[in-house]
Amino acid sequence: MKLEALRALKNAYNIEIACLTEMKDFIDGVQFGKAVDLLAAAPRIGATGCGHSGIICQHFAHLMCCIERPARFISPAEAVHGATGFLQPGDVMVFASRGGKTKELLPIVDICKAKNVSIITVTENMESPLALASDVVLKQHVNRETDKWNAQGTTSTTALCMIFHALQAALLEETDYQAEQFALIHPGGAVGERLNANK
């Protein structure tokens, strides 16, 4: 390995550690509280984003299913071709867009508004079109991406993932979700074996 590559490897850790440490200062308890309340009460949860944000939204939908909050990722391309039929009045749609201007997502906002679906947006740009159209906005903070051009979705995906992990941790408490419930729906793998060991 080149010396420059080793430096870049170690610096990537430093950049992302700094991002998560700094991001705690941007936690808005009121907005997070509203998000948790909406997610806890929603019959269904949708999540959408493009590129790396979309990939992390898929992870979020799975996290929600793991605590029995029915959820699915809705591809921006499929959303405007009928997939938003999954959403019904009273549901919640989670949007992820660092800049808050992703053109593919804006038509989905109109659909959600017309269907009385609540909107939670995670973005760095609190004055963006997505943020201004949302019921709840959660601040994403990114110091810089880990690549030398500050261009690829690295630190930004870690920041988004952290927000989703924090939401799940809060929802576990808010809904009083128990390990026994998770054991029922997750009998597979080492986790399933551990959770079901004493049955």
# chains A, B, ... in the order shown; residues from 1 in each chain; ligands from 1
>>> residues_around(residues="Val122 in chain A", least_positions_apart="2", cutoff="10 Å", atoms="only C-alpha atoms", output="number ranges by chain")
A: 49, 53, 94-100, 120, 124-126, 130-131, 134, 136-141, 160, 163-164
>>> write_last_selection(atoms="C-alpha atoms", output="mmCIF file, in the first residue's frame")
data_model
loop_
_atom_site.group_PDB
_atom_site.id
_atom_site.type_symbol
_atom_site.label_atom_id
_atom_site.label_comp_id
_atom_site.auth_asym_id
_atom_site.auth_seq_id
_atom_site.Cartn_x
_atom_site.Cartn_y
_atom_site.Cartn_z
ATOM 1 C CA GLY A 49 -34.025 8.977 -1.705
ATOM 2 C CA SER A 53 -29.358 8.301 0.250
ATOM 3 C CA VAL A 94 -39.385 9.806 4.978
ATOM 4 C CA PHE A 95 -37.319 11.727 2.431
ATOM 5 C CA ALA A 96 -33.520 11.819 2.473
ATOM 6 C CA SER A 97 -31.688 14.436 0.426
ATOM 7 C CA ARG A 98 -28.531 16.173 1.603
ATOM 8 C CA GLY A 99 -29.197 19.248 -0.519
ATOM 9 C CA GLY A 100 -32.985 19.047 -0.238
ATOM 10 C CA ILE A 120 -40.285 13.781 7.436
ATOM 11 C CA GLU A 124 -28.491 19.531 5.429
ATOM 12 C CA ASN A 125 -30.328 22.417 3.763
ATOM 13 C CA MET A 126 -33.041 23.612 6.137
ATOM 14 C CA LEU A 130 -38.041 19.550 0.558
ATOM 15 C CA ALA A 131 -37.453 21.003 4.012
ATOM 16 C CA SER A 134 -42.149 18.925 5.303
ATOM 17 C CA VAL A 136 -40.721 17.556 10.298
ATOM 18 C CA VAL A 137 -37.138 18.361 9.281
ATOM 19 C CA LEU A 138 -34.133 16.604 10.798
ATOM 20 C CA LYS A 139 -30.785 18.324 10.337
ATOM 21 C CA GLN A 140 -28.062 16.298 8.640
ATOM 22 C CA HIS A 141 -24.567 17.637 9.273
ATOM 23 C CA LEU A 160 -27.791 9.823 7.484
ATOM 24 C CA ILE A 163 -29.948 9.718 12.268
ATOM 25 C CA PHE A 164 -31.911 6.621 11.274
#
>>> residues_around(residues="range 11-24 of chain A", least_positions_apart="6", cutoff="9 Å", atoms="only C-alpha atoms", output="ChimeraX atom specification")
/A:139-147,154-156,158-159,162
>>> atom_distance(atom1="CA of His52 in chain A", atom2="CA of Lys101 in chain A")
15.0 Å
>>> residues_around(residues="Ile119 in chain A", least_positions_apart="5", cutoff="12 Å", atoms="only C-alpha atoms", output="PyMOL selection string")
chain A and resi 34-35+38-39+42+45-48+87+89-96+105-106+108-114+130-138
>>> select_by_dssp(residues="range 2-193 of chain A", states="strand (DSSP E)", output="list in words")
Ile45, Gly46, Ala47, Thr48, Gly49, Ala71, Arg72, Phe73, Val92, Met93, Val94, Phe95, Ala96, Ser118, Ile119, Ile120, Thr121, Val122, Thr123, Val136, Val137, Leu138 and Lys139 of chain A
>>> closest_atom_pairs(of="range 55-157 of chain A", to="range 186-190 of chain A", cutoff="12 Å", atoms="only C-alpha atoms", output="tab-separated table")
residue	atom	partner	partner_atom	distance
A:Cys65	CA	A:His186	CA	10.7
A:Cys66	CA	A:His186	CA	8.0
A:Ile67	CA	A:His186	CA	10.4
A:Glu68	CA	A:His186	CA	11.1
>>> write_last_selection(atoms="C-alpha atoms", output="PDB file, in the first residue's frame")
ATOM      1  CA  CYS A  65     -39.690  -3.686   9.939  1.00  0.00           C
ATOM      2  CA  CYS A  66     -37.371  -5.135  12.592  1.00  0.00           C
ATOM      3  CA  ILE A  67     -39.361  -3.277  15.257  1.00  0.00           C
ATOM      4  CA  GLU A  68     -42.663  -4.112  13.544  1.00  0.00           C
TER       5      GLU A  68
END
>>> closest_residue(among="A:Ile55, A:Ala179, A:Leu167, A:Ala151", to="Gly29 in chain A", atoms="only C-alpha atoms")
A:Leu167
>>> atom_distance(atom1="CA of Ala79 in chain A", atom2="CA of His62 in chain A")
18.3 Å
>>> atom_distance(atom1="CA of Gln152 in chain A", atom2="CA of Lys2 in chain A")
21.2 Å
>>> select_by_dssp(residues="range 6-191 of chain A", states="helix (DSSP H, G or I)", output="number ranges by chain")
A: 6-26, 29-41, 51-66, 76-79, 83-86, 106-114, 129-132, 155-174, 179-185, 189-191
